[in-house]
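Student: input_12.cif is the file, holding mmCIF, C-alpha atoms:
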```cif
data_my_file
loop_
_atom_site.label_atom_id
_atom_site.label_comp_id
_atom_site.auth_asym_id
_atom_site.auth_seq_id
_atom_site.Cartn_x
_atom_site.Cartn_y
_atom_site.Cartn_z
CA MET A 24 8.96 3.23 11.95
CA LEU A 25 7.06 6.36 11.46
CA GLY A 26 5.76 8.31 14.35
CA ALA A 27 2.63 6.81 15.66
CA THR A 28 -0.31 8.91 14.76
CA ILE A 29 -3.65 7.68 15.92
CA GLU A 30 -5.94 7.56 12.97
CA PRO A 31 -9.35 9.17 13.48
CA LEU A 32 -12.31 7.14 12.41
CA SER A 33 -15.91 8.25 12.48
CA MET A 34 -17.39 5.14 13.92
CA LYS A 35 -19.82 4.43 16.67
CA ALA A 36 -18.50 1.05 17.60
CA HIS A 37 -15.68 -0.08 19.78
CA ILE A 38 -13.57 -2.68 18.13
CA LEU A 39 -11.13 -4.93 19.84
CA MET A 40 -8.62 -7.26 18.36
CA ARG A 41 -6.34 -9.53 20.34
CA ARG A 42 -3.02 -10.36 18.81
CA SER A 43 -0.26 -11.98 20.77
CA GLU A 44 -0.55 -14.77 23.25
CA GLY A 45 1.68 -13.87 26.12
CA HIS A 46 5.18 -14.78 26.88
CA HIS A 47 7.38 -17.74 26.18
CA GLU A 48 9.79 -18.93 28.76
CA GLY A 49 13.48 -18.41 28.42
CA ARG A 50 13.26 -15.24 26.37
CA VAL A 51 14.67 -11.87 27.06
CA LEU A 52 11.27 -10.27 27.02
CA PHE A 53 8.75 -8.65 29.19
CA PRO A 54 6.56 -11.55 30.17
CA GLY A 55 2.84 -11.72 30.01
CA LEU A 56 2.02 -8.91 27.66
CA LYS A 57 -1.27 -9.22 25.90
CA GLU A 58 -1.83 -7.16 22.83
CA GLN A 59 -5.13 -5.82 21.75
CA PHE A 60 -6.20 -3.47 19.03
CA LEU A 61 -8.85 -1.08 20.05
CA ILE A 62 -10.92 1.28 18.03
CA LEU A 63 -12.60 3.43 20.59
CA GLN A 64 -15.06 6.20 20.34
CA GLU A 65 -13.97 9.53 21.67
CA SER A 66 -16.56 12.22 21.13
CA CYS A 67 -17.08 12.15 17.38
CA GLN A 68 -13.88 10.36 16.58
CA VAL A 69 -12.66 6.86 16.97
CA ASN A 70 -9.03 6.16 17.55
CA VAL A 71 -6.95 3.16 16.78
CA ALA A 72 -4.39 2.17 19.31
CA ARG A 73 -2.48 -0.85 20.36
CA HIS A 74 -3.13 -1.66 23.93
CA LEU A 75 -0.74 -3.63 26.05
CA ILE A 76 -1.54 -5.10 29.42
CA GLY A 77 1.28 -6.32 31.56
CA LEU A 78 1.12 -9.11 34.10
CA ASP A 79 0.90 -6.57 36.83
CA GLY A 80 -2.35 -5.32 35.37
CA VAL A 81 -0.93 -1.98 34.41
CA SER A 82 -2.11 -0.95 30.99
CA SER A 83 -0.13 0.96 28.49
CA VAL A 84 -1.02 2.18 25.08
CA ILE A 85 1.18 2.59 22.11
CA THR A 86 -0.10 3.92 18.87
CA VAL A 87 -0.29 1.87 15.75
CA GLY A 88 2.74 2.21 13.55
CA GLU A 89 1.79 3.85 10.32
CA VAL A 90 3.17 2.36 7.18
CA GLY A 91 5.32 0.05 9.19
CA TYR A 92 4.67 -3.61 9.05
CA ILE A 93 1.78 -5.01 10.96
CA PRO A 94 3.65 -6.43 13.86
CA GLN A 95 4.37 -10.11 13.69
CA ASN A 96 6.19 -9.78 16.93
CA GLN A 97 5.63 -8.13 20.27
CA PRO A 98 5.72 -4.36 19.99
CA LEU A 99 7.51 -2.23 22.51
CA PRO A 100 5.33 -0.86 25.28
CA ALA A 101 6.66 2.55 24.47
CA SER A 102 4.20 5.09 25.66
CA LEU A 103 2.36 6.04 28.78
CA PRO A 104 -1.06 4.68 29.63
CA ASP A 105 -3.94 6.42 27.98
CA GLN A 106 -6.79 6.40 30.43
CA SER A 107 -9.29 7.48 27.81
CA VAL A 108 -8.73 4.19 26.05
CA THR A 109 -8.89 1.95 29.07
CA LYS A 110 -12.04 3.47 30.50
CA ASN A 111 -14.39 2.45 27.74
CA PRO A 112 -15.43 -1.18 28.14
CA ASP A 113 -17.86 -1.71 25.27
CA VAL A 114 -16.82 -4.20 22.69
CA LEU A 115 -19.22 -4.53 19.80
CA LEU A 116 -17.04 -6.08 17.20
CA ARG A 117 -13.89 -8.11 17.30
CA LEU A 118 -11.49 -8.07 14.40
CA PRO A 119 -9.33 -11.06 13.70
CA SER A 120 -5.61 -10.81 13.84
CA LEU A 121 -3.65 -11.12 10.67
CA LYS A 122 -3.71 -14.67 9.49
CA GLU A 123 -0.67 -16.82 9.83
CA SER A 124 0.15 -19.34 7.20
CA LYS A 125 -0.56 -22.94 8.13
CA TRP A 126 2.17 -24.11 5.82
CA LYS A 127 5.83 -23.38 5.85
CA VAL A 128 6.88 -22.60 2.32
CA THR A 129 10.43 -23.02 1.11
CA VAL A 130 10.97 -21.52 -2.30
CA LEU A 131 13.65 -23.32 -4.27
CA GLN A 132 13.37 -21.45 -7.53
CA GLN A 133 11.28 -18.65 -8.95
CA TRP A 134 10.90 -17.38 -12.47
CA VAL A 135 9.03 -14.61 -14.18
CA GLY A 136 7.89 -15.84 -17.59
CA ARG A 137 6.36 -14.43 -20.73
CA VAL A 138 4.18 -16.55 -22.97
CA GLU A 139 5.64 -16.57 -26.47
CA ARG A 140 3.39 -18.93 -28.40
CA ILE A 141 0.70 -21.43 -27.62
CA GLU A 142 0.23 -24.79 -29.27
CA ARG A 143 -2.37 -27.49 -28.73
CA LEU A 144 -1.06 -29.04 -25.51
CA THR A 145 2.03 -27.00 -24.76
CA PHE A 146 3.24 -23.44 -24.84
CA TYR A 147 6.60 -21.78 -25.22
CA ALA A 148 7.77 -19.14 -22.81
CA VAL A 149 10.82 -17.08 -22.01
CA LEU A 150 11.79 -17.41 -18.36
CA ASN A 151 13.74 -14.88 -16.35
CA ASP A 152 15.34 -16.32 -13.26
CA ALA A 153 14.01 -14.36 -10.29
CA THR A 154 16.08 -16.34 -7.80
CA ASN A 155 19.37 -15.67 -9.59
CA PRO A 156 18.71 -12.64 -11.79
CA GLN A 157 22.22 -12.77 -13.22
CA ASN A 158 21.28 -15.92 -15.13
CA PRO A 159 20.33 -15.30 -18.77
CA PRO A 160 16.72 -15.75 -19.95
CA GLU A 161 15.88 -19.16 -21.31
CA GLU A 162 13.13 -20.44 -23.53
CA VAL A 163 11.19 -23.44 -22.31
CA GLU A 164 8.25 -25.56 -23.39
CA LEU A 165 5.59 -26.15 -20.73
CA GLU A 166 2.33 -28.01 -20.67
CA ILE A 167 -0.83 -25.95 -20.87
CA ALA A 168 -2.21 -28.17 -18.12
CA GLU A 169 0.09 -26.27 -15.74
CA ILE A 170 -2.13 -23.20 -16.11
CA SER A 171 -4.94 -22.97 -13.57
CA PRO A 172 -8.35 -23.09 -15.27
CA SER A 173 -9.24 -19.79 -13.59
CA ASP A 174 -6.28 -18.12 -15.27
CA ARG A 175 -7.03 -19.46 -18.77
CA SER A 176 -8.82 -16.30 -19.89
CA LEU A 177 -5.58 -14.37 -19.37
CA PHE A 178 -3.42 -17.02 -21.01
CA ILE A 179 -2.48 -15.42 -24.32
CA PRO A 180 0.81 -14.70 -26.05
CA GLY A 181 2.54 -11.88 -24.24
CA ALA A 182 1.02 -12.76 -20.87
CA THR A 183 3.37 -12.57 -17.89
CA PHE A 184 3.35 -15.36 -15.33
CA TYR A 185 5.07 -16.19 -12.05
CA TRP A 186 6.35 -19.72 -11.57
CA SER A 187 7.72 -21.09 -8.32
CA ILE A 188 8.99 -24.49 -7.31
CA GLY A 189 9.47 -25.31 -3.68
CA TYR A 190 8.52 -27.29 -0.62
CA GLN A 191 5.38 -26.87 1.36
CA ASP A 192 5.39 -28.37 4.85
CA THR A 193 1.89 -29.10 6.06
CA PRO A 194 0.79 -28.72 9.69
CA GLY A 195 0.78 -32.53 9.82
CA GLY A 196 4.47 -32.62 9.02
CA GLN A 197 4.17 -33.74 5.42
CA ARG A 198 6.59 -32.15 3.00
CA GLN A 199 5.24 -31.65 -0.49
CA ARG A 200 7.10 -30.52 -3.55
CA VAL A 201 4.88 -27.95 -5.19
CA SER A 202 4.95 -26.07 -8.46
CA VAL A 203 2.84 -22.93 -8.52
CA LEU A 204 2.19 -21.00 -11.71
CA ARG A 205 0.10 -17.86 -11.67
CA ILE A 206 -0.68 -15.51 -14.52
CA ALA A 207 0.03 -11.88 -13.65
CA ARG A 208 -3.03 -9.67 -13.36
CA HIS A 209 -2.89 -6.04 -14.27
CA PRO A 210 -5.85 -3.76 -14.70
CA ARG A 211 -7.08 -3.20 -18.20
CA LEU A 212 -5.94 0.21 -19.43
CA SER A 213 -8.68 2.73 -19.96
CA ASP A 214 -9.10 4.46 -23.31
CA THR A 215 -7.76 7.60 -21.68
CA ASP A 216 -4.64 5.78 -20.54
CA VAL A 217 -4.13 4.29 -23.99
CA ASP A 218 -4.49 7.73 -25.57
CA ARG A 219 -2.03 9.19 -23.08
CA ILE A 220 0.54 6.46 -23.75
CA LEU A 221 0.18 6.81 -27.51
CA LYS A 222 0.65 10.56 -27.26
CA GLN A 223 3.77 10.05 -25.16
CA ALA A 224 5.08 7.59 -27.74
CA ASP A 225 4.36 10.04 -30.54
CA SER A 226 6.13 12.87 -28.79
CA LEU A 227 9.11 10.64 -28.02
CA ALA A 228 9.28 9.51 -31.63
CA ALA A 229 9.11 13.11 -32.79
CA PHE A 230 11.90 14.03 -30.41
CA LEU A 231 14.08 11.18 -31.71
CA GLU A 232 13.47 12.20 -35.31
CA ILE A 233 14.56 15.74 -34.53
CA ALA A 234 17.62 14.50 -32.68
CA MET B 28 19.65 -17.17 2.91
CA GLN B 29 18.67 -19.49 5.72
CA VAL B 30 15.08 -20.56 5.23
CA PRO B 31 12.89 -18.65 7.70
CA GLU B 32 10.23 -20.40 9.70
CA ILE B 33 7.83 -17.57 8.91
CA ASP B 34 8.16 -15.16 6.00
CA SER B 35 5.72 -12.30 5.54
CA ALA B 36 5.38 -9.24 3.37
CA ALA B 37 3.03 -6.29 3.46
CA ILE B 38 2.23 -3.12 1.58
CA VAL B 39 0.84 -0.39 3.78
CA MET B 40 -0.44 3.00 2.68
CA LEU B 41 -1.66 6.08 4.47
CA GLY B 42 -4.16 8.43 2.94
CA SER B 43 -7.91 8.72 2.64
CA PHE B 44 -9.69 5.57 1.66
CA ASN B 45 -13.23 4.43 1.21
CA PRO B 46 -13.16 0.98 2.84
CA ALA B 47 -16.53 -0.06 1.42
CA ILE B 48 -15.02 -0.16 -2.07
CA PHE B 49 -12.58 -2.86 -1.11
CA GLN B 50 -14.65 -5.95 -1.62
CA PRO B 51 -13.47 -9.25 -3.02
CA ARG B 52 -16.21 -9.16 -5.63
CA TRP B 53 -14.96 -5.81 -6.90
CA LEU B 54 -11.42 -7.18 -7.14
CA GLY B 55 -12.81 -10.18 -9.02
CA VAL B 56 -14.82 -8.07 -11.45
CA GLN B 57 -11.72 -6.01 -12.14
CA LYS B 58 -9.83 -9.29 -12.70
CA LEU B 59 -7.25 -8.36 -10.08
CA ILE B 60 -7.92 -11.71 -8.40
CA ARG B 61 -9.41 -14.92 -9.70
CA ALA B 62 -13.17 -15.23 -9.77
CA GLU B 63 -12.91 -18.26 -7.46
CA GLU B 64 -10.80 -16.29 -5.01
CA ALA B 65 -13.40 -13.55 -4.97
CA GLU B 66 -16.23 -16.01 -4.40
CA ASN B 67 -14.43 -17.90 -1.66
CA ALA B 68 -12.90 -14.95 0.18
CA LYS B 69 -13.49 -14.93 3.89
CA ILE B 70 -15.08 -11.61 4.70
CA THR B 71 -14.78 -10.48 8.28
CA VAL B 72 -16.34 -7.09 7.88
CA ILE B 73 -16.98 -4.61 5.11
CA GLN B 74 -18.50 -1.35 6.21
CA SER B 75 -18.02 2.28 5.41
CA GLU B 76 -15.44 2.54 8.20
CA LEU B 77 -13.43 -0.59 7.60
CA ALA B 78 -12.98 -3.59 5.35
CA ASP B 79 -11.27 -6.83 6.31
CA PHE B 80 -11.20 -9.99 4.25
CA SER B 81 -8.77 -12.68 3.24
CA THR B 82 -8.19 -15.17 0.47
CA GLU B 83 -5.86 -18.15 0.30
CA TRP B 84 -2.84 -15.95 -0.24
CA PHE B 85 -3.48 -12.43 1.02
CA GLN B 86 -5.36 -10.48 3.62
CA LEU B 87 -6.63 -6.97 3.05
CA GLN B 88 -7.55 -4.51 5.79
CA VAL B 89 -8.62 -0.97 5.03
CA LEU B 90 -9.48 1.78 7.46
CA GLN B 91 -10.38 5.27 6.38
CA GLY B 92 -6.81 6.38 6.87
CA ARG B 93 -4.91 3.21 6.20
CA PHE B 94 -4.72 0.53 3.52
CA MET B 95 -2.84 -2.70 4.15
CA VAL B 96 -2.43 -5.89 2.19
CA THR B 97 -0.37 -8.72 3.63
CA CYS B 98 0.87 -12.10 2.48
CA ASN B 99 2.62 -14.97 4.20
CA ASP B 100 3.57 -16.93 1.10
CA PRO B 101 6.81 -15.88 -0.59
CA ARG B 102 5.60 -17.40 -3.85
CA GLN B 103 2.92 -14.74 -4.00
CA TYR B 104 4.90 -11.59 -3.30
CA ALA B 105 4.94 -10.53 -6.94
CA PRO B 106 1.16 -11.02 -7.26
CA LEU B 107 0.81 -9.04 -4.02
CA ARG B 108 2.60 -6.11 -5.63
CA ASP B 109 0.43 -6.44 -8.73
CA LEU B 110 -2.68 -6.48 -6.60
CA ALA B 111 -1.81 -3.31 -4.70
CA GLY B 112 -0.56 -1.60 -7.84
CA GLY B 113 -3.65 -2.68 -9.75
CA ILE B 114 -6.02 -1.37 -7.13
CA PHE B 115 -4.50 2.08 -7.21
CA THR B 116 -4.23 2.08 -10.97
CA LEU B 117 -7.99 1.71 -10.90
CA LEU B 118 -8.36 4.27 -8.10
CA PRO B 119 -5.82 6.90 -9.13
CA HIS B 120 -7.60 9.77 -7.42
CA THR B 121 -7.42 8.15 -3.99
CA PRO B 122 -5.21 10.37 -1.84
CA VAL B 123 -2.19 8.33 -0.79
CA THR B 124 0.42 10.24 1.12
CA ARG B 125 2.78 7.53 2.29
CA VAL B 126 3.65 3.99 1.34
CA GLY B 127 5.51 1.40 3.39
CA LEU B 128 7.01 -1.73 1.88
CA ASN B 129 7.60 -4.41 4.47
CA ARG B 130 9.04 -7.86 4.89
CA SER B 131 9.63 -9.78 8.09
CA PHE B 132 11.11 -13.12 9.08
CA HIS B 133 11.20 -15.43 12.06
CA PHE B 134 14.33 -17.55 12.00
CA ALA B 135 15.33 -20.44 14.18
CA THR B 136 18.89 -20.06 15.46
CA PRO B 137 21.16 -23.10 15.72
CA SER B 138 21.84 -22.77 19.45
CA ILE B 139 21.06 -20.62 22.44
CA GLU B 140 24.66 -19.40 22.37
CA SER B 141 24.22 -18.26 18.80
CA TRP B 142 20.94 -16.59 19.70
CA HIS B 143 22.54 -14.67 22.58
CA ARG B 144 25.55 -13.80 20.48
CA ILE B 145 23.38 -11.90 18.02
CA GLY B 146 21.93 -9.86 20.85
CA HIS B 147 25.30 -9.24 22.46
CA ARG B 148 26.87 -8.09 19.20
CA LEU B 149 24.02 -5.79 18.32
CA ALA B 150 23.74 -4.40 21.83
CA PRO B 151 26.83 -5.02 23.98
CA LYS B 152 25.81 -5.43 27.61
CA GLU B 153 28.81 -3.77 29.22
CA PRO B 154 27.18 -0.33 29.39
CA TRP B 155 24.13 -1.85 31.05
CA ASN B 156 25.65 -4.26 33.55
CA SER B 157 26.16 -1.56 36.15
CA LEU B 158 22.52 -0.50 35.85
CA MET B 159 20.64 -3.79 35.91
CA GLU B 160 20.87 -7.52 36.33
CA SER B 161 20.76 -9.70 33.23
CA PRO B 162 20.26 -7.00 30.62
CA GLY B 163 18.96 -8.40 27.39
CA LEU B 164 18.03 -7.07 24.00
CA ARG B 165 14.29 -6.75 23.81
CA SER B 166 14.01 -4.72 20.64
CA MET B 167 16.24 -2.70 18.39
CA LEU B 168 15.11 -0.37 15.63
CA ILE B 169 17.66 1.17 13.30
CA GLN B 170 16.81 3.88 10.79
CA GLY B 171 18.72 4.82 7.68
CA SER B 172 18.43 4.61 3.94
CA GLN B 173 19.51 2.14 1.34
CA LYS B 174 22.94 2.80 -0.09
CA GLU B 175 21.64 2.63 -3.64
CA PHE B 176 18.44 4.60 -3.11
CA ALA B 177 18.15 7.60 -0.83
CA ASP B 178 14.52 8.42 -1.47
CA GLY B 179 13.09 6.00 1.07
CA VAL B 180 13.50 5.82 4.82
CA LEU B 181 14.68 2.41 5.86
CA HIS B 182 13.98 0.73 9.18
CA ILE B 183 15.32 -2.57 10.41
CA LYS B 184 13.95 -4.02 13.60
CA VAL B 185 15.48 -6.94 15.47
CA GLU B 186 13.83 -8.76 18.34
CA PRO B 187 13.71 -12.18 19.90
CA SER B 188 10.99 -14.07 18.09
CA LEU B 189 7.80 -14.66 19.99
CA LYS B 190 6.81 -17.44 17.68
CA ILE B 191 9.96 -19.50 17.39
CA GLY B 192 11.84 -20.77 20.42
CA GLN B 193 15.34 -19.29 20.41
CA GLY B 194 14.24 -17.46 17.33
CA LEU B 195 15.22 -14.20 15.73
CA PHE B 196 12.67 -11.76 14.40
CA VAL B 197 13.82 -9.38 11.68
CA GLU B 198 11.57 -6.77 10.15
CA VAL B 199 12.57 -4.53 7.26
CA ASN B 200 10.49 -1.52 6.32
CA GLU B 201 11.08 1.10 3.69
CA GLU B 202 8.85 4.10 3.66
CA PHE B 203 8.14 6.54 0.88
CA GLN B 204 6.31 9.83 0.88
CA SER B 205 4.35 11.38 -1.94
CA ALA B 206 6.37 14.07 -3.65
CA ALA B 207 3.22 16.12 -4.03
CA LYS B 208 2.44 18.57 -1.29
CA ALA B 209 -1.29 18.44 -1.79
CA GLU B 210 -3.02 15.36 -0.44
CA THR B 211 -5.36 15.55 -3.38
CA GLU B 212 -2.58 14.49 -5.69
CA GLY B 213 -3.94 10.97 -5.57
CA ALA B 214 -2.31 7.59 -5.99
CA TYR B 215 -0.76 8.07 -9.40
CA TRP B 216 2.70 7.57 -7.97
CA VAL B 217 1.94 4.32 -6.16
CA PRO B 218 1.95 1.75 -9.01
CA ASP B 219 5.24 3.09 -10.36
CA LEU B 220 6.79 3.00 -6.92
CA LEU B 221 5.72 -0.59 -6.41
CA THR B 222 7.05 -1.60 -9.79
CA ALA B 223 10.36 0.09 -9.16
CA ARG B 224 11.00 -0.82 -5.53
CA TRP B 225 9.11 -3.89 -4.41
CA ASP B 226 11.53 -6.52 -5.68
CA ALA B 227 14.47 -4.49 -4.41
CA ILE B 228 13.18 -4.23 -0.85
CA LEU B 229 12.31 -7.93 -0.77
CA LYS B 230 15.81 -8.79 -1.84
CA PHE B 231 17.35 -6.26 0.51
CA ALA B 232 15.40 -7.76 3.41
CA GLU B 233 16.96 -11.14 2.67
CA VAL B 234 20.42 -9.63 2.60
CA ALA B 235 19.80 -7.78 5.86
CA ALA B 236 18.42 -10.85 7.59
CA ASN B 237 21.32 -12.93 6.42
CA HIS B 238 23.75 -10.35 7.71
CA LEU B 239 22.12 -10.37 11.13
CA LEU B 240 22.06 -14.15 11.29
CA GLU B 241 25.78 -14.15 10.55
CA LEU B 242 26.32 -12.29 13.81
CA GLY B 243 25.38 -15.48 15.60
CA LYS B 244 28.44 -17.28 14.31
CA GLU B 245 31.57 -17.46 16.45
#
```
Would you put the structure from the file into structure tokens?

Tutor:
Amino acid sequence: MLGATIEPLSMKAHILMRRSEGHHEGRVLFPGLKEQFLILQESCQVNVARHLIGLDGVSSVITVGEVGYIPQNQPLPASLPDQSVTKNPDVLLRLPSLKESKWKVTVLQQWVGRVERIERLTFYAVLNDATNPQNPPEEVELEIAEISPSDRSLFIPGATFYWSIGYQDTPGGQRQRVSVLRIARHPRLSDTDVDRILKQADSLAAFLEIA
Amino acid sequence: MQVPEIDSAAIVMLGSFNPAIFQPRWLGVQKLIRAEEAENAKITVIQSELADFSTEWFQLQVLQGRFMVTCNDPRQYAPLRDLAGGIFTLLPHTPVTRVGLNRSFHFATPSIESWHRIGHRLAPKEPWNSLMESPGLRSMLIQGSQKEFADGVLHIKVEPSLKIGQGLFVEVNEEFQSAAKAETEGAYWVPDLLTARWDAILKFAEVAANHLLELGKE
């Protein structure tokens, strides 16, 4: 990942976030590492760092990866201890770790659809196979009841939607076959954007006429 | 691809952000998320220095220098892209200097032999045996670029999973930098980048993970 720059933050609080839960037996890992995220005040700046504490009590600090993924796994204890981080004990606010899904989702098939026309109880759509993009588009008839009530205001001809079919395994061990359909949401274009796009179209049309 | 036990994706940006803007209600008003999602979002903290909240399908964390939206549901990866792209379509003047597109998996391996085989093939132990007892692969990070696209920097990380017994953790990250030299250039480039590259990196991550899992076979 990118070099680990500590991001300055003008904040007067110290924030701590615990992430991982120690070691698991039988792994080729350093056991007993606890991970914490700290935002610590240093003079006028606050730094973000990932703080690792080994079983032996020795602390080490590695900086947060930048645009790398928020670690789902144990990060490497790569850098030397930063005493300035470990000295400050105040903890005013604790951030939660990134949430983990309670359900295991197995996607069987995904499509990206476009609403073609809407009738009283059904609608017609063109589906593009997102799982196997080499498959040709197909037109299908679906029930309007498939659309979530909260998406109805966006449900118009031309609307794009994402449709997935798959399994969802609950924490209780129950497998459910689930169909999820969600209308795509894009910000409404501003008048300025519309003007810009129309001007681009005009200039392109003019260019094609000349050519 | 073998079905992973855990499948996650994230869009991370570096730049200068105003965390207080990033509120579920604002996303709802802008129709980037459903009104119900905005109302029922779990807000951890929204202050001028940081924002952190989650809905059923994504979590958003913003610091003054870092924006991150994550999702653990592969059915929602396209809406995740739309959400991030939509936010910066609405906030085009926000300075964004770098963008990272990320996907990670935790896979169960069929046997401990298969699990070790992946580690041995990625990092043969012969060079290490004279130095230490029982050397094992703890983490490997490889950098390169995609064969089809050279504009991003690609990272693939492989580790033993901490969440799945005898599991394999694979993380794929592709990082892009603003072409503009001035940080004031804004976020104009971000929605186009997401449109052009998000699906590709998700698919590439599956191919990469599958390739690594294949190393476990005899």

Student: Evaluating the PyMOL selection byres ((chain B and resi 122-133) around 6) on the displayed file yields which residues, as a PyMOL selection string?

Tutor: (chain A and resi 90-92) or (chain B and resi 31-43+121+134+195-205+210-211+213-214)

Student: Can you list what the PyMOL selection byres ((chain A and resi 206-212) around 6) grabs from this structure, as a list of chain:residue names?

Tutor: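 Selected by the PyMOL selection byres ((chain A and resi 206-212) around 6) in this file: A:Thr183, A:Phe184, A:Arg205, A:Ser213, A:Asp216, B:Leu59, B:Gly113.
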
Student: Select, from A:Arg175, A:Arg137, A:Arg198, A:Lys222, the residue with the minimum atom-to-atom distance to chain B, counting all atoms listed in the file.

Tutor: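 So, comparing all the options, the nearest one is A:Arg175.
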
Student: What does the PyMOL selection byres ((chain B and resi 237) around 12) select in this file, as a PyMOL selection string?

Tutor: chain B and resi 28-31+132-134+136+145+195-197+230-236+238-244

Student: Identify which of the residues B:Gln50, B:Thr222, B:Ser75, B:Asn99 lies closest to chain A, counting all atoms listed in the file when measuring atom-to-atom distances.

Tutor: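 Smallest distance to chain A is found for B:Asn99.
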
Student: N, CA and C atoms are what I want for range 132-152 of chain A; can you complete it accordingly and write them as a PDB file, in the coordinates of the input?

Tutor:
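Output file out26.pdb is given in full below:
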```
ATOM      1  N   GLN A 132      13.073 -22.166  -6.289  1.00  0.00           N
ATOM      2  CA  GLN A 132      13.370 -21.450  -7.530  1.00  0.00           C
ATOM      3  C   GLN A 132      12.143 -20.675  -7.980  1.00  0.00           C
ATOM      4  N   GLN A 133      12.383 -19.462  -8.426  1.00  0.00           N
ATOM      5  CA  GLN A 133      11.280 -18.650  -8.950  1.00  0.00           C
ATOM      6  C   GLN A 133      11.673 -18.056 -10.296  1.00  0.00           C
ATOM      7  N   TRP A 134      10.693 -18.012 -11.168  1.00  0.00           N
ATOM      8  CA  TRP A 134      10.900 -17.380 -12.470  1.00  0.00           C
ATOM      9  C   TRP A 134       9.753 -16.420 -12.765  1.00  0.00           C
ATOM     10  N   VAL A 135      10.077 -15.436 -13.576  1.00  0.00           N
ATOM     11  CA  VAL A 135       9.030 -14.610 -14.180  1.00  0.00           C
ATOM     12  C   VAL A 135       9.056 -14.938 -15.672  1.00  0.00           C
ATOM     13  N   GLY A 136       7.931 -15.387 -16.198  1.00  0.00           N
ATOM     14  CA  GLY A 136       7.890 -15.840 -17.590  1.00  0.00           C
ATOM     15  C   GLY A 136       7.000 -14.988 -18.457  1.00  0.00           C
ATOM     16  N   ARG A 137       7.229 -15.095 -19.747  1.00  0.00           N
ATOM     17  CA  ARG A 137       6.360 -14.430 -20.730  1.00  0.00           C
ATOM     18  C   ARG A 137       5.970 -15.458 -21.775  1.00  0.00           C
ATOM     19  N   VAL A 138       4.688 -15.580 -22.002  1.00  0.00           N
ATOM     20  CA  VAL A 138       4.180 -16.550 -22.970  1.00  0.00           C
ATOM     21  C   VAL A 138       4.548 -16.080 -24.378  1.00  0.00           C
ATOM     22  N   GLU A 139       5.240 -16.936 -25.118  1.00  0.00           N
ATOM     23  CA  GLU A 139       5.640 -16.570 -26.470  1.00  0.00           C
ATOM     24  C   GLU A 139       4.659 -17.093 -27.509  1.00  0.00           C
ATOM     25  N   ARG A 140       4.384 -18.387 -27.478  1.00  0.00           N
ATOM     26  CA  ARG A 140       3.390 -18.930 -28.400  1.00  0.00           C
ATOM     27  C   ARG A 140       2.727 -20.143 -27.768  1.00  0.00           C
ATOM     28  N   ILE A 141       1.516 -20.376 -28.222  1.00  0.00           N
ATOM     29  CA  ILE A 141       0.700 -21.430 -27.620  1.00  0.00           C
ATOM     30  C   ILE A 141       0.370 -22.459 -28.690  1.00  0.00           C
ATOM     31  N   GLU A 142       0.597 -23.716 -28.345  1.00  0.00           N
ATOM     32  CA  GLU A 142       0.230 -24.790 -29.270  1.00  0.00           C
ATOM     33  C   GLU A 142      -0.902 -25.588 -28.648  1.00  0.00           C
ATOM     34  N   ARG A 143      -1.164 -26.785 -29.172  1.00  0.00           N
ATOM     35  CA  ARG A 143      -2.370 -27.490 -28.730  1.00  0.00           C
ATOM     36  C   ARG A 143      -2.271 -27.921 -27.267  1.00  0.00           C
ATOM     37  N   LEU A 144      -1.183 -28.550 -26.888  1.00  0.00           N
ATOM     38  CA  LEU A 144      -1.060 -29.040 -25.510  1.00  0.00           C
ATOM     39  C   LEU A 144       0.056 -28.340 -24.732  1.00  0.00           C
ATOM     40  N   THR A 145       0.884 -27.646 -25.435  1.00  0.00           N
ATOM     41  CA  THR A 145       2.030 -27.000 -24.760  1.00  0.00           C
ATOM     42  C   THR A 145       2.113 -25.535 -25.165  1.00  0.00           C
ATOM     43  N   PHE A 146       2.956 -24.821 -24.449  1.00  0.00           N
ATOM     44  CA  PHE A 146       3.240 -23.440 -24.840  1.00  0.00           C
ATOM     45  C   PHE A 146       4.723 -23.160 -24.625  1.00  0.00           C
ATOM     46  N   TYR A 147       5.203 -22.176 -25.330  1.00  0.00           N
ATOM     47  CA  TYR A 147       6.600 -21.780 -25.220  1.00  0.00           C
ATOM     48  C   TYR A 147       6.661 -20.450 -24.479  1.00  0.00           C
ATOM     49  N   ALA A 148       7.651 -20.348 -23.617  1.00  0.00           N
ATOM     50  CA  ALA A 148       7.770 -19.140 -22.810  1.00  0.00           C
ATOM     51  C   ALA A 148       9.240 -18.798 -22.595  1.00  0.00           C
ATOM     52  N   VAL A 149       9.481 -17.539 -22.395  1.00  0.00           N
ATOM     53  CA  VAL A 149      10.820 -17.080 -22.010  1.00  0.00           C
ATOM     54  C   VAL A 149      10.806 -16.862 -20.505  1.00  0.00           C
ATOM     55  N   LEU A 150      11.733 -17.507 -19.815  1.00  0.00           N
ATOM     56  CA  LEU A 150      11.790 -17.410 -18.360  1.00  0.00           C
ATOM     57  C   LEU A 150      12.955 -16.550 -17.922  1.00  0.00           C
ATOM     58  N   ASN A 151      12.680 -15.636 -17.011  1.00  0.00           N
ATOM     59  CA  ASN A 151      13.740 -14.880 -16.350  1.00  0.00           C
ATOM     60  C   ASN A 151      13.871 -15.400 -14.925  1.00  0.00           C
ATOM     61  N   ASP A 152      15.089 -15.715 -14.565  1.00  0.00           N
ATOM     62  CA  ASP A 152      15.340 -16.320 -13.260  1.00  0.00           C
ATOM     63  C   ASP A 152      15.232 -15.249 -12.174  1.00  0.00           C
TER      64      ASP A 152
END
```
